[in-house]
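Trainee: So here's data_35.cif (mmCIF, C-alpha atoms).
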```cif
data_input
#
loop_
_atom_site.group_PDB
_atom_site.id
_atom_site.type_symbol
_atom_site.label_atom_id
_atom_site.label_comp_id
_atom_site.auth_asym_id
_atom_site.auth_seq_id
_atom_site.Cartn_x
_atom_site.Cartn_y
_atom_site.Cartn_z
ATOM 1 C CA MET A 20 97.765 -51.890 -31.794
ATOM 2 C CA LYS A 21 96.469 -53.516 -28.656
ATOM 3 C CA THR A 22 99.382 -55.857 -28.307
ATOM 4 C CA PRO A 23 102.006 -54.297 -26.074
ATOM 5 C CA PHE A 24 105.248 -53.698 -27.778
ATOM 6 C CA VAL A 25 108.366 -54.500 -25.886
ATOM 7 C CA ILE A 26 111.598 -52.945 -26.953
ATOM 8 C CA ALA A 27 113.831 -55.705 -25.786
ATOM 9 C CA ALA A 28 111.746 -58.351 -27.485
ATOM 10 C CA ALA A 29 111.722 -56.389 -30.694
ATOM 11 C CA LEU A 30 115.462 -56.237 -30.588
ATOM 12 C CA LEU A 31 115.565 -59.945 -30.738
ATOM 13 C CA SER A 32 113.374 -60.344 -33.771
ATOM 14 C CA ALA A 33 110.632 -61.726 -31.624
ATOM 15 C CA SER A 34 107.064 -61.498 -32.753
ATOM 16 C CA VAL A 35 104.853 -58.910 -31.139
ATOM 17 C CA VAL A 36 102.759 -61.663 -29.668
ATOM 18 C CA GLU A 37 105.765 -63.219 -28.118
ATOM 19 C CA ALA A 38 106.696 -59.872 -26.697
ATOM 20 C CA THR A 39 103.751 -60.044 -24.340
ATOM 21 C CA ALA A 40 105.578 -62.730 -22.388
ATOM 22 C CA VAL A 41 107.587 -60.211 -20.459
ATOM 23 C CA GLU A 42 109.910 -61.674 -17.951
ATOM 24 C CA THR A 43 110.125 -60.411 -14.464
ATOM 25 C CA ALA A 44 113.634 -59.393 -13.609
ATOM 26 C CA THR A 45 115.228 -57.918 -10.554
ATOM 27 C CA VAL A 46 116.404 -54.489 -11.522
ATOM 28 C CA GLU A 47 118.530 -52.128 -9.571
ATOM 29 C CA PRO A 48 116.546 -48.924 -9.242
ATOM 30 C CA PRO A 49 118.159 -45.649 -10.162
ATOM 31 C CA ALA A 50 119.584 -43.703 -7.279
ATOM 32 C CA ILE A 51 116.863 -41.932 -5.350
ATOM 33 C CA GLU A 52 117.272 -38.221 -5.335
ATOM 34 C CA ALA A 53 115.827 -36.145 -2.533
ATOM 35 C CA THR A 54 114.620 -33.426 -4.850
ATOM 36 C CA ALA A 55 113.993 -33.320 -8.531
ATOM 37 C CA PRO A 56 116.904 -32.120 -10.603
ATOM 38 C CA ARG A 57 116.380 -29.036 -12.716
ATOM 39 C CA LEU A 58 117.064 -27.874 -16.206
ATOM 40 C CA ALA A 59 118.990 -24.636 -16.544
ATOM 41 C CA GLY A 60 120.866 -22.915 -19.315
ATOM 42 C CA ARG A 61 121.099 -23.901 -22.936
ATOM 43 C CA TYR A 62 120.572 -27.381 -24.351
ATOM 44 C CA THR A 63 120.633 -28.872 -27.801
ATOM 45 C CA GLY A 64 117.314 -30.581 -28.379
ATOM 46 C CA LEU A 65 116.686 -33.458 -30.743
ATOM 47 C CA LEU A 66 112.985 -33.987 -31.451
ATOM 48 C CA GLU A 67 111.362 -36.895 -33.217
ATOM 49 C CA MET A 68 107.621 -37.255 -33.698
ATOM 50 C CA ILE A 69 105.335 -39.471 -35.704
ATOM 51 C CA CYS A 70 101.545 -39.358 -35.921
ATOM 52 C CA GLN A 71 99.321 -42.109 -37.241
ATOM 53 C CA ALA A 72 97.918 -41.724 -40.740
ATOM 54 C CA LYS A 73 94.169 -42.083 -41.041
ATOM 55 C CA ILE A 74 92.746 -44.913 -43.081
ATOM 56 C CA ALA A 75 89.495 -43.891 -44.733
ATOM 57 C CA GLY A 76 87.506 -46.775 -46.174
ATOM 58 C CA THR A 77 89.776 -48.699 -48.462
ATOM 59 C CA ALA A 78 92.184 -45.879 -49.113
ATOM 60 C CA VAL A 79 94.937 -44.355 -47.076
ATOM 61 C CA ALA A 80 94.229 -40.661 -46.807
ATOM 62 C CA SER A 81 96.965 -38.090 -47.093
ATOM 63 C CA SER A 82 97.480 -37.646 -43.420
ATOM 64 C CA GLY A 83 99.627 -38.377 -40.427
ATOM 65 C CA ASP A 84 102.831 -36.611 -39.562
ATOM 66 C CA LEU A 85 106.509 -37.340 -39.757
ATOM 67 C CA GLU A 86 108.702 -34.790 -38.040
ATOM 68 C CA GLN A 87 112.249 -34.312 -36.820
ATOM 69 C CA ALA A 88 113.968 -31.233 -35.488
ATOM 70 C CA LEU A 89 117.238 -30.017 -34.060
ATOM 71 C CA VAL A 90 116.620 -26.970 -31.884
ATOM 72 C CA THR A 91 117.932 -25.007 -28.928
ATOM 73 C CA PHE A 92 116.161 -25.086 -25.592
ATOM 74 C CA THR A 93 116.992 -22.364 -23.068
ATOM 75 C CA PHE A 94 115.727 -22.727 -19.507
ATOM 76 C CA THR A 95 115.477 -19.819 -17.076
ATOM 77 C CA GLY A 96 113.676 -20.739 -13.906
ATOM 78 C CA SER A 97 110.416 -22.366 -14.892
ATOM 79 C CA ASN A 98 110.417 -20.677 -18.283
ATOM 80 C CA PHE A 99 111.935 -22.004 -21.437
ATOM 81 C CA THR A 100 112.239 -21.115 -25.081
ATOM 82 C CA ILE A 101 112.624 -23.257 -28.176
ATOM 83 C CA VAL A 102 114.465 -21.820 -31.154
ATOM 84 C CA GLY A 103 114.952 -23.721 -34.367
ATOM 85 C CA ALA A 104 113.300 -25.428 -37.278
ATOM 86 C CA ASN A 105 111.879 -28.828 -38.057
ATOM 87 C CA HIS A 106 111.496 -31.000 -41.093
ATOM 88 C CA TRP A 107 108.008 -32.377 -41.408
ATOM 89 C CA GLY A 108 105.417 -33.749 -43.765
ATOM 90 C CA PRO A 109 102.453 -36.127 -43.869
ATOM 91 C CA LEU A 110 103.202 -39.746 -43.148
ATOM 92 C CA ALA A 111 101.128 -40.794 -46.149
ATOM 93 C CA THR A 112 100.862 -38.415 -49.067
ATOM 94 C CA LYS A 113 100.679 -38.066 -52.813
ATOM 95 C CA THR A 114 101.220 -34.345 -52.969
ATOM 96 C CA LYS A 115 103.232 -32.934 -50.083
ATOM 97 C CA PHE A 116 106.892 -33.613 -49.517
ATOM 98 C CA ILE A 117 108.957 -32.869 -46.443
ATOM 99 C CA THR A 118 109.313 -29.170 -45.766
ATOM 100 C CA GLN A 119 111.107 -27.062 -43.205
ATOM 101 C CA GLU A 120 109.373 -24.780 -40.758
ATOM 102 C CA ARG A 121 110.342 -22.630 -37.785
ATOM 103 C CA ILE A 122 109.069 -23.971 -34.472
ATOM 104 C CA ASP A 123 110.137 -21.146 -32.161
ATOM 105 C CA ALA A 124 108.107 -21.202 -28.972
ATOM 106 C CA ALA A 125 108.099 -20.188 -25.320
ATOM 107 C CA SER A 126 106.390 -21.893 -22.408
ATOM 108 C CA THR A 127 106.811 -23.039 -18.834
ATOM 109 C CA LEU A 128 108.005 -26.335 -17.455
ATOM 110 C CA THR A 129 107.609 -27.986 -14.077
ATOM 111 C CA ILE A 130 109.283 -31.156 -12.835
ATOM 112 C CA SER A 131 107.796 -33.370 -10.145
ATOM 113 C CA GLY A 132 108.783 -36.690 -8.640
ATOM 114 C CA THR A 133 111.670 -38.003 -6.644
ATOM 115 C CA ARG A 134 113.384 -40.332 -9.083
ATOM 116 C CA ASN A 135 113.457 -41.330 -12.723
ATOM 117 C CA PRO A 136 111.147 -41.289 -14.539
ATOM 118 C CA TYR A 137 110.092 -37.833 -13.417
ATOM 119 C CA THR A 138 106.874 -36.160 -14.495
ATOM 120 C CA VAL A 139 107.285 -33.017 -16.529
ATOM 121 C CA THR A 140 104.487 -30.674 -17.439
ATOM 122 C CA MET A 141 105.159 -28.476 -20.453
ATOM 123 C CA MET A 142 103.007 -26.810 -23.090
ATOM 124 C CA GLY A 143 99.876 -28.347 -21.602
ATOM 125 C CA THR A 144 101.213 -31.864 -21.863
ATOM 126 C CA THR A 145 102.363 -34.303 -19.211
ATOM 127 C CA VAL A 146 105.614 -35.944 -20.149
ATOM 128 C CA LEU A 147 107.672 -38.834 -18.783
ATOM 129 C CA ALA A 148 111.266 -37.741 -18.314
ATOM 130 C CA HIS A 149 114.628 -39.221 -17.458
ATOM 131 C CA LEU A 150 117.021 -36.663 -15.988
ATOM 132 C CA ASP A 151 120.626 -37.773 -15.871
ATOM 133 C CA ARG A 152 124.205 -36.623 -15.467
ATOM 134 C CA ILE A 153 123.195 -34.381 -12.618
ATOM 135 C CA GLY A 154 125.878 -32.025 -11.341
ATOM 136 C CA THR A 155 126.446 -30.982 -7.775
ATOM 137 C CA ASP A 156 124.453 -27.881 -8.676
ATOM 138 C CA GLY A 157 121.387 -30.056 -9.227
ATOM 139 C CA ILE A 158 121.307 -29.337 -12.937
ATOM 140 C CA ALA A 159 120.699 -32.284 -15.263
ATOM 141 C CA ARG A 160 123.060 -32.222 -18.223
ATOM 142 C CA ARG A 161 121.014 -34.821 -20.057
ATOM 143 C CA ALA A 162 117.273 -35.209 -20.269
ATOM 144 C CA THR A 163 114.992 -37.413 -22.290
ATOM 145 C CA PHE A 164 111.266 -36.824 -22.691
ATOM 146 C CA LEU A 165 108.692 -39.361 -23.843
ATOM 147 C CA MET A 166 105.317 -37.901 -24.668
ATOM 148 C CA LEU A 167 101.964 -38.613 -26.274
ATOM 149 C CA SER A 168 99.800 -36.037 -27.972
ATOM 150 C CA SER A 169 97.097 -35.563 -30.550
ATOM 151 C CA ASN A 170 97.218 -33.614 -33.784
ATOM 152 C CA GLY A 171 93.423 -33.707 -33.964
ATOM 153 C CA GLU A 172 93.375 -35.947 -36.976
ATOM 154 C CA LEU A 173 92.354 -39.072 -35.116
ATOM 155 C CA PRO A 174 90.740 -39.436 -31.703
ATOM 156 C CA GLY A 175 92.944 -40.075 -28.718
ATOM 157 C CA LYS A 176 96.682 -39.887 -28.561
ATOM 158 C CA ASN A 177 97.693 -40.488 -32.134
ATOM 159 C CA CYS A 178 101.162 -38.942 -31.934
ATOM 160 C CA SER A 179 104.311 -40.131 -30.189
ATOM 161 C CA GLN A 180 107.303 -37.919 -29.568
ATOM 162 C CA THR A 181 110.712 -38.061 -27.961
ATOM 163 C CA ILE A 182 112.944 -35.133 -27.075
ATOM 164 C CA THR A 183 116.552 -35.546 -26.077
ATOM 165 C CA LEU A 184 118.308 -32.637 -24.419
ATOM 166 C CA THR A 185 122.067 -32.314 -24.089
ATOM 167 C CA HIS A 186 123.513 -29.385 -22.167
ATOM 168 C CA ASP A 187 125.664 -27.152 -24.356
ATOM 169 C CA MET B 24 168.790 -50.637 -22.911
ATOM 170 C CA THR B 25 167.558 -53.988 -24.052
ATOM 171 C CA SER B 26 165.371 -54.160 -21.020
ATOM 172 C CA LYS B 27 163.937 -50.725 -21.763
ATOM 173 C CA LEU B 28 163.279 -51.693 -25.347
ATOM 174 C CA ALA B 29 161.574 -54.852 -24.236
ATOM 175 C CA THR B 30 159.479 -52.904 -21.803
ATOM 176 C CA ALA B 31 158.548 -50.398 -24.487
ATOM 177 C CA ALA B 32 157.651 -53.195 -26.852
ATOM 178 C CA ALA B 33 155.537 -54.826 -24.194
ATOM 179 C CA VAL B 34 153.760 -51.560 -23.535
ATOM 180 C CA LEU B 35 153.100 -51.162 -27.235
ATOM 181 C CA LEU B 36 151.748 -54.651 -27.438
ATOM 182 C CA LEU B 37 149.567 -54.092 -24.420
ATOM 183 C CA THR B 38 148.351 -50.813 -25.816
ATOM 184 C CA ALA B 39 147.577 -52.458 -29.099
ATOM 185 C CA GLY B 40 145.775 -55.224 -27.299
ATOM 186 C CA THR B 41 143.714 -52.761 -25.341
ATOM 187 C CA ALA B 42 142.796 -50.859 -28.454
ATOM 188 C CA ALA B 43 141.674 -54.019 -30.177
ATOM 189 C CA ALA B 44 139.423 -55.097 -27.338
ATOM 190 C CA ALA B 45 135.804 -54.223 -27.823
ATOM 191 C CA PRO B 46 134.254 -51.782 -25.369
ATOM 192 C CA ARG B 47 131.619 -53.001 -22.939
ATOM 193 C CA PHE B 48 128.659 -51.849 -20.953
ATOM 194 C CA ALA B 49 128.829 -51.542 -17.167
ATOM 195 C CA GLY B 50 126.530 -49.854 -14.694
ATOM 196 C CA THR B 51 123.322 -47.995 -15.404
ATOM 197 C CA TYR B 52 122.353 -46.276 -18.630
ATOM 198 C CA THR B 53 119.352 -44.291 -19.719
ATOM 199 C CA MET B 54 118.040 -45.745 -22.931
ATOM 200 C CA THR B 55 115.810 -44.297 -25.616
ATOM 201 C CA ASP B 56 114.673 -45.892 -28.801
ATOM 202 C CA THR B 57 112.538 -45.545 -31.893
ATOM 203 C CA GLU B 58 111.254 -48.417 -34.003
ATOM 204 C CA ILE B 59 109.401 -48.180 -37.274
ATOM 205 C CA CYS B 60 107.950 -51.205 -39.020
ATOM 206 C CA GLN B 61 106.874 -51.276 -42.620
ATOM 207 C CA ALA B 62 103.221 -51.375 -43.545
ATOM 208 C CA LEU B 63 103.233 -54.290 -45.925
ATOM 209 C CA GLY B 64 100.813 -54.311 -48.825
ATOM 210 C CA THR B 65 100.484 -54.091 -52.551
ATOM 211 C CA LYS B 66 97.485 -51.773 -52.691
ATOM 212 C CA ALA B 67 96.551 -48.448 -51.164
ATOM 213 C CA VAL B 68 95.351 -50.185 -48.035
ATOM 214 C CA PRO B 69 98.226 -51.847 -46.256
ATOM 215 C CA THR B 70 97.474 -55.449 -45.475
ATOM 216 C CA ASN B 71 99.653 -54.926 -42.451
ATOM 217 C CA LYS B 72 99.296 -51.550 -40.834
ATOM 218 C CA GLY B 73 102.875 -51.104 -39.744
ATOM 219 C CA MET B 74 103.978 -50.000 -36.337
ATOM 220 C CA ILE B 75 105.716 -47.091 -34.704
ATOM 221 C CA GLY B 76 107.143 -47.417 -31.234
ATOM 222 C CA GLN B 77 109.142 -45.108 -29.024
ATOM 223 C CA GLY B 78 110.518 -46.009 -25.642
ATOM 224 C CA MET B 79 112.530 -44.751 -22.727
ATOM 225 C CA GLY B 80 113.959 -46.527 -19.742
ATOM 226 C CA VAL B 81 116.990 -47.866 -17.991
ATOM 227 C CA MET B 82 119.489 -50.500 -18.975
ATOM 228 C CA VAL B 83 121.555 -52.050 -16.209
ATOM 229 C CA ALA B 84 124.671 -53.879 -17.333
ATOM 230 C CA SER B 85 126.161 -56.558 -15.123
ATOM 231 C CA GLY B 86 128.766 -58.775 -16.705
ATOM 232 C CA ALA B 87 127.300 -60.158 -19.895
ATOM 233 C CA ASN B 88 123.753 -59.405 -18.796
ATOM 234 C CA LEU B 89 121.753 -56.383 -19.850
ATOM 235 C CA THR B 90 118.487 -55.738 -18.027
ATOM 236 C CA PHE B 91 116.082 -53.413 -19.793
ATOM 237 C CA THR B 92 113.194 -51.751 -17.950
ATOM 238 C CA GLY B 93 111.047 -48.825 -18.906
ATOM 239 C CA THR B 94 108.054 -47.518 -20.783
ATOM 240 C CA VAL B 95 107.169 -47.882 -24.421
ATOM 241 C CA GLN B 96 104.386 -46.351 -26.463
ATOM 242 C CA SER B 97 103.306 -47.907 -29.727
ATOM 243 C CA ALA B 98 100.542 -47.850 -32.295
ATOM 244 C CA PRO B 99 99.805 -48.898 -35.858
ATOM 245 C CA MET B 100 101.261 -46.519 -38.395
ATOM 246 C CA PHE B 101 97.920 -46.465 -40.242
ATOM 247 C CA ASP B 102 94.632 -46.526 -38.389
ATOM 248 C CA ALA B 103 90.950 -45.676 -38.660
ATOM 249 C CA GLY B 104 90.888 -44.151 -35.228
ATOM 250 C CA GLY B 105 90.353 -47.034 -32.838
ATOM 251 C CA ASN B 106 93.926 -47.804 -31.947
ATOM 252 C CA PRO B 107 95.755 -44.808 -30.568
ATOM 253 C CA PHE B 108 99.174 -45.048 -28.984
ATOM 254 C CA GLU B 109 99.249 -47.193 -25.879
ATOM 255 C CA ARG B 110 101.827 -47.177 -23.143
ATOM 256 C CA SER B 111 103.135 -50.319 -21.558
ATOM 257 C CA SER B 112 106.064 -51.281 -19.417
ATOM 258 C CA PHE B 113 108.812 -53.689 -20.303
ATOM 259 C CA SER B 114 111.392 -55.613 -18.336
ATOM 260 C CA GLU B 115 113.707 -58.251 -19.664
ATOM 261 C CA THR B 116 117.237 -59.483 -19.161
ATOM 262 C CA GLN B 117 119.337 -60.496 -22.129
ATOM 263 C CA THR B 118 122.951 -61.364 -22.708
ATOM 264 C CA TYR B 119 125.186 -59.550 -25.134
ATOM 265 C CA ARG B 120 128.385 -60.095 -27.028
ATOM 266 C CA VAL B 121 130.410 -57.508 -28.901
ATOM 267 C CA THR B 122 132.749 -58.311 -31.765
ATOM 268 C CA GLY B 123 134.941 -56.165 -33.951
ATOM 269 C CA THR B 124 137.987 -53.995 -33.493
ATOM 270 C CA ALA B 125 136.686 -50.493 -34.122
ATOM 271 C CA ASN B 126 133.483 -48.505 -34.411
ATOM 272 C CA PRO B 127 131.002 -49.553 -35.542
ATOM 273 C CA TYR B 128 131.137 -52.832 -33.633
ATOM 274 C CA THR B 129 128.754 -55.731 -33.998
ATOM 275 C CA ILE B 130 126.585 -56.581 -31.021
ATOM 276 C CA THR B 131 124.590 -59.756 -30.622
ATOM 277 C CA LEU B 132 121.785 -59.819 -28.085
ATOM 278 C CA THR B 133 120.340 -63.092 -26.906
ATOM 279 C CA LYS B 134 117.057 -63.656 -25.143
ATOM 280 C CA PRO B 135 116.652 -66.183 -22.365
ATOM 281 C CA ASN B 136 114.880 -68.461 -24.842
ATOM 282 C CA GLY B 137 117.991 -68.514 -27.004
ATOM 283 C CA ARG B 138 116.780 -66.320 -29.820
ATOM 284 C CA SER B 139 119.289 -63.726 -30.863
ATOM 285 C CA ALA B 140 119.694 -60.785 -33.194
ATOM 286 C CA THR B 141 122.655 -58.791 -34.411
ATOM 287 C CA PHE B 142 122.974 -55.028 -34.691
ATOM 288 C CA ARG B 143 125.598 -52.395 -35.308
ATOM 289 C CA VAL B 144 126.733 -50.349 -32.361
ATOM 290 C CA ARG B 145 128.954 -47.325 -31.935
ATOM 291 C CA PHE B 146 130.652 -46.880 -28.565
ATOM 292 C CA ASP B 147 131.795 -43.469 -27.365
ATOM 293 C CA GLU B 148 133.160 -42.001 -24.145
ATOM 294 C CA VAL B 149 135.038 -45.243 -23.539
ATOM 295 C CA ASN B 150 137.085 -45.055 -20.345
ATOM 296 C CA ALA B 151 140.376 -46.735 -19.499
ATOM 297 C CA ALA B 152 138.535 -49.818 -18.294
ATOM 298 C CA GLY B 153 136.844 -50.189 -21.648
ATOM 299 C CA VAL B 154 133.434 -49.149 -20.367
ATOM 300 C CA ALA B 155 131.374 -47.069 -22.775
ATOM 301 C CA GLY B 156 129.618 -43.985 -21.488
ATOM 302 C CA TYR B 157 127.610 -43.496 -24.625
ATOM 303 C CA ALA B 158 126.440 -45.899 -27.292
ATOM 304 C CA THR B 159 124.235 -45.789 -30.345
ATOM 305 C CA LEU B 160 122.699 -48.943 -31.784
ATOM 306 C CA THR B 161 121.043 -49.359 -35.151
ATOM 307 C CA GLY B 162 119.740 -52.227 -37.176
ATOM 308 C CA SER B 163 116.764 -54.011 -38.564
ATOM 309 C CA PHE B 164 114.638 -56.799 -37.193
ATOM 310 C CA SER B 165 111.367 -58.559 -37.751
ATOM 311 C CA ASN B 166 108.196 -58.038 -35.750
ATOM 312 C CA GLY B 167 106.966 -61.382 -36.941
ATOM 313 C CA THR B 168 105.254 -60.167 -40.096
ATOM 314 C CA ALA B 169 108.176 -60.578 -42.448
ATOM 315 C CA ALA B 170 111.927 -60.772 -42.469
ATOM 316 C CA ALA B 171 113.547 -57.569 -41.308
ATOM 317 C CA ASN B 172 110.550 -55.301 -41.755
ATOM 318 C CA CYS B 173 111.454 -52.951 -38.916
ATOM 319 C CA VAL B 174 114.279 -50.549 -38.212
ATOM 320 C CA THR B 175 115.442 -49.523 -34.780
ATOM 321 C CA GLN B 176 117.697 -46.893 -33.329
ATOM 322 C CA MET B 177 118.690 -46.857 -29.679
ATOM 323 C CA VAL B 178 120.828 -44.532 -27.588
ATOM 324 C CA PHE B 179 122.413 -45.437 -24.258
ATOM 325 C CA VAL B 180 123.853 -42.798 -21.953
ATOM 326 C CA SER B 181 125.563 -43.739 -18.711
ATOM 327 C CA HIS B 182 124.395 -42.058 -15.528
#
```
The structure in this file should be written as structure tokens.
Mentor:
Amino acid sequence: MKTPFVIAAALLSASVVEATAVETATVEPPAIEATAPRLAGRYTGLLEMICQAKIAGTAVASSGDLEQALVTFTFTGSNFTIVGANHWGPLATKTKFITQERIDAASTLTISGTRNPYTVTMMGTTVLAHLDRIGTDGIARRATFLMLSSNGELPGKNCSQTITLTHD
Amino acid sequence: MTSKLATAAAVLLLTAGTAAAAPRFAGTYTMTDTEICQALGTKAVPTNKGMIGQGMGVMVASGANLTFTGTVQSAPMFDAGGNPFERSSFSETQTYRVTGTANPYTITLTKPNGRSATFRVRFDEVNAAGVAGYATLTGSFSNGTAAANCVTQMVFVSH
């Protein structure tokens, strides 16, 4: 879809074409922080991902991905672990329903930038991140990630994912 | 005693009035959203390929105005490979009005051109001034293909 999609316009039942007429507004920037906040301790993570389904000729192949998960993230320094399970299945299918699968993982995470949106690098992917509700200890109690990835089914970034973290 | 009773009654009335008032937005919120639009068609190949969009940004509330800015990534739900997800920025100011007496409230958002849409909203972490610290919005809308062929879910968290 080459036409940019604008959230606010979509909210108002506007057509996608109309959404290209984005208005310029004066916006108060978020407070500038001298150093990037950090993630530490245990968070509840809500994941939501969808990958395009491939159209082959005149038929829609059994493909794509539809996935949601509720997991636990634990951050220690630049390391983190994910513990939990997802629910996933092809976006278009005639044979495979949604199933549950463990998605336990461990990796590293770095945060760069001086204000929202920060840049987060994790699991080989660069992610846009909003870090909020930052305590005097510099720890963000809320974080939201917006990321693009590929599942290899279609060229380019054919998957979109959000992760919302809430400190336990 | 009468005076005390009257005072108590007044307090009760005021309390009731406060409880009935709808919460509001004020200040800065982080917003996230997901939209999914139907792929419309009667055969295996959708005549309309649908759309999936996810976004993240900031909403600044000032009076009745809500200014949304941020990044969104969207793509057709079905594709042959030439239209991957694309990122774009958005910025728009709208007005809002909340009606109802309890969760879930009804919120109407209006664009500068006068077009409006209505959604359901749940307010949480409401302080004594009636300002919500957390809100979840859901509803359906049209992306121009058909009536109400998309669903949306948005979360707002105050800074």
Trainee: Just the number, please: distance in Å from CA of Pro174 (chain A) to CA of Ser97 (chain B), one decimal.
Mentor: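 The value is 15.3 Å.
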Trainee: Please evaluate the PyMOL selection byres ((chain B and resi 125-128) around 9) against the structure above and give the resulting residues as a compact mmCIF listing (two decimals) with C-alpha atoms, keeping the file's coordinate frame.
Mentor:
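expr-v7.txt written:
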```txt
# COMPACT_ATOMS: atom_id res chain seq x y z
CA ALA B 42 142.80 -50.86 -28.45
CA ALA B 43 141.67 -54.02 -30.18
CA ALA B 44 139.42 -55.10 -27.34
CA ALA B 45 135.80 -54.22 -27.82
CA PRO B 46 134.25 -51.78 -25.37
CA VAL B 121 130.41 -57.51 -28.90
CA THR B 122 132.75 -58.31 -31.76
CA GLY B 123 134.94 -56.16 -33.95
CA THR B 124 137.99 -54.00 -33.49
CA THR B 129 128.75 -55.73 -34.00
CA ILE B 130 126.58 -56.58 -31.02
CA PHE B 142 122.97 -55.03 -34.69
CA ARG B 143 125.60 -52.40 -35.31
CA VAL B 144 126.73 -50.35 -32.36
CA ARG B 145 128.95 -47.32 -31.94
CA PHE B 146 130.65 -46.88 -28.56
CA ASP B 147 131.79 -43.47 -27.36
```
Trainee: Quick one: which residues end up in the PyMOL selection byres ((chain A and resi 119-125) around 9) for this structure, as JSON, numbers by chain?
Mentor: {"A": [88, 90, 98, 99, 100, 101, 102, 103, 104, 105, 106, 107, 108, 117, 118, 126, 127, 142]}
Trainee: Go through B:Ala140, B:Leu89, B:Val81, B:Ala171 and flag the residue nearest chain A, using all atoms listed in the file for the distances.
Mentor: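 Of B:Ala140, B:Leu89, B:Val81, B:Ala171, the one nearest chain A, counting all atoms listed in the file, is B:Ala140.
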Trainee: With only C-alpha atoms as the atoms that count, which of A:Leu65, A:Ala148, A:Ala78, A:Ala72 lies nearest to Thr185 (chain A)?
Mentor: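 Answer, going by the shortest atom-to-atom distance: A:Leu65.
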Trainee: Go through the shown structure with the PyMOL selection byres ((chain B and resi 57) around 12) and write out the matching residues as a PDB file with C-alpha atoms, keeping the file's coordinate frame.
Mentor:
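Here's the written file selection37.pdb:
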```
ATOM      1  CA  PHE A  24     105.248 -53.698 -27.778  1.00  0.00           C
ATOM      2  CA  VAL A  25     108.366 -54.500 -25.886  1.00  0.00           C
ATOM      3  CA  ILE A  26     111.598 -52.945 -26.953  1.00  0.00           C
ATOM      4  CA  ALA A  27     113.831 -55.705 -25.786  1.00  0.00           C
ATOM      5  CA  ALA A  29     111.722 -56.389 -30.694  1.00  0.00           C
ATOM      6  CA  LEU A  30     115.462 -56.237 -30.588  1.00  0.00           C
ATOM      7  CA  LEU A  66     112.985 -33.987 -31.451  1.00  0.00           C
ATOM      8  CA  GLU A  67     111.362 -36.895 -33.217  1.00  0.00           C
ATOM      9  CA  MET A  68     107.621 -37.255 -33.698  1.00  0.00           C
ATOM     10  CA  ILE A  69     105.335 -39.471 -35.704  1.00  0.00           C
ATOM     11  CA  LEU A 165     108.692 -39.361 -23.843  1.00  0.00           C
ATOM     12  CA  SER A 179     104.311 -40.131 -30.189  1.00  0.00           C
ATOM     13  CA  GLN A 180     107.303 -37.919 -29.568  1.00  0.00           C
ATOM     14  CA  THR A 181     110.712 -38.061 -27.961  1.00  0.00           C
ATOM     15  CA  ILE A 182     112.944 -35.133 -27.075  1.00  0.00           C
TER      16      ILE A 182
ATOM     17  CA  MET B  54     118.040 -45.745 -22.931  1.00  0.00           C
ATOM     18  CA  THR B  55     115.810 -44.297 -25.616  1.00  0.00           C
ATOM     19  CA  ASP B  56     114.673 -45.892 -28.801  1.00  0.00           C
ATOM     20  CA  GLU B  58     111.254 -48.417 -34.003  1.00  0.00           C
ATOM     21  CA  ILE B  59     109.401 -48.180 -37.274  1.00  0.00           C
ATOM     22  CA  CYS B  60     107.950 -51.205 -39.020  1.00  0.00           C
ATOM     23  CA  MET B  74     103.978 -50.000 -36.337  1.00  0.00           C
ATOM     24  CA  ILE B  75     105.716 -47.091 -34.704  1.00  0.00           C
ATOM     25  CA  GLY B  76     107.143 -47.417 -31.234  1.00  0.00           C
ATOM     26  CA  GLN B  77     109.142 -45.108 -29.024  1.00  0.00           C
ATOM     27  CA  GLY B  78     110.518 -46.009 -25.642  1.00  0.00           C
ATOM     28  CA  MET B  79     112.530 -44.751 -22.727  1.00  0.00           C
ATOM     29  CA  VAL B  95     107.169 -47.882 -24.421  1.00  0.00           C
ATOM     30  CA  GLN B  96     104.386 -46.351 -26.463  1.00  0.00           C
ATOM     31  CA  SER B  97     103.306 -47.907 -29.727  1.00  0.00           C
ATOM     32  CA  THR B 159     124.235 -45.789 -30.345  1.00  0.00           C
ATOM     33  CA  LEU B 160     122.699 -48.943 -31.784  1.00  0.00           C
ATOM     34  CA  THR B 161     121.043 -49.359 -35.151  1.00  0.00           C
ATOM     35  CA  GLY B 162     119.740 -52.227 -37.176  1.00  0.00           C
ATOM     36  CA  SER B 163     116.764 -54.011 -38.564  1.00  0.00           C
ATOM     37  CA  CYS B 173     111.454 -52.951 -38.916  1.00  0.00           C
ATOM     38  CA  VAL B 174     114.279 -50.549 -38.212  1.00  0.00           C
ATOM     39  CA  THR B 175     115.442 -49.523 -34.780  1.00  0.00           C
ATOM     40  CA  GLN B 176     117.697 -46.893 -33.329  1.00  0.00           C
ATOM     41  CA  MET B 177     118.690 -46.857 -29.679  1.00  0.00           C
ATOM     42  CA  VAL B 178     120.828 -44.532 -27.588  1.00  0.00           C
TER      43      VAL B 178
END
```
Trainee: What residues in chain B lie within 8 Å of chain A, counting all atoms listed in the file, written as a PyMOL selection string?
Mentor: chain B and resi 51+53+55-56+67-68+74-80+83+90-92+95-116+132-134+138-140+164-168+175+181-182
Trainee: What gap, in Å, lies between CA of Thr63 (chain A) and CA of Pro109 (chain A)?
Mentor: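 Those two atoms sit 25.3 Å apart.
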Trainee: Please indicate the distance in Å from CA of Arg134 (chain A) to CA of Asn150 (chain B), rounded to one decimal place.
Mentor: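 Calculated distance between CA of Arg134 (chain A) and CA of Asn150 (chain B) is 26.7 Å.
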Trainee: Using only C-alpha atoms, what residues lie at most 10 Å away from (130.5, -44.4, -18.9) (file coordinates), given as a list of chain:residue names?
Mentor: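 Checking each residue against the 10 Å limit leaves B:Arg47, B:Phe48, B:Ala49, B:Gly50, B:Thr51, B:Tyr52, B:Phe146, B:Asp147, B:Glu148, B:Val149, B:Asn150, B:Ala152, B:Gly153, B:Val154, B:Ala155, B:Gly156, B:Tyr157, B:Ala158, B:Phe179, B:Val180, B:Ser181, B:His182.
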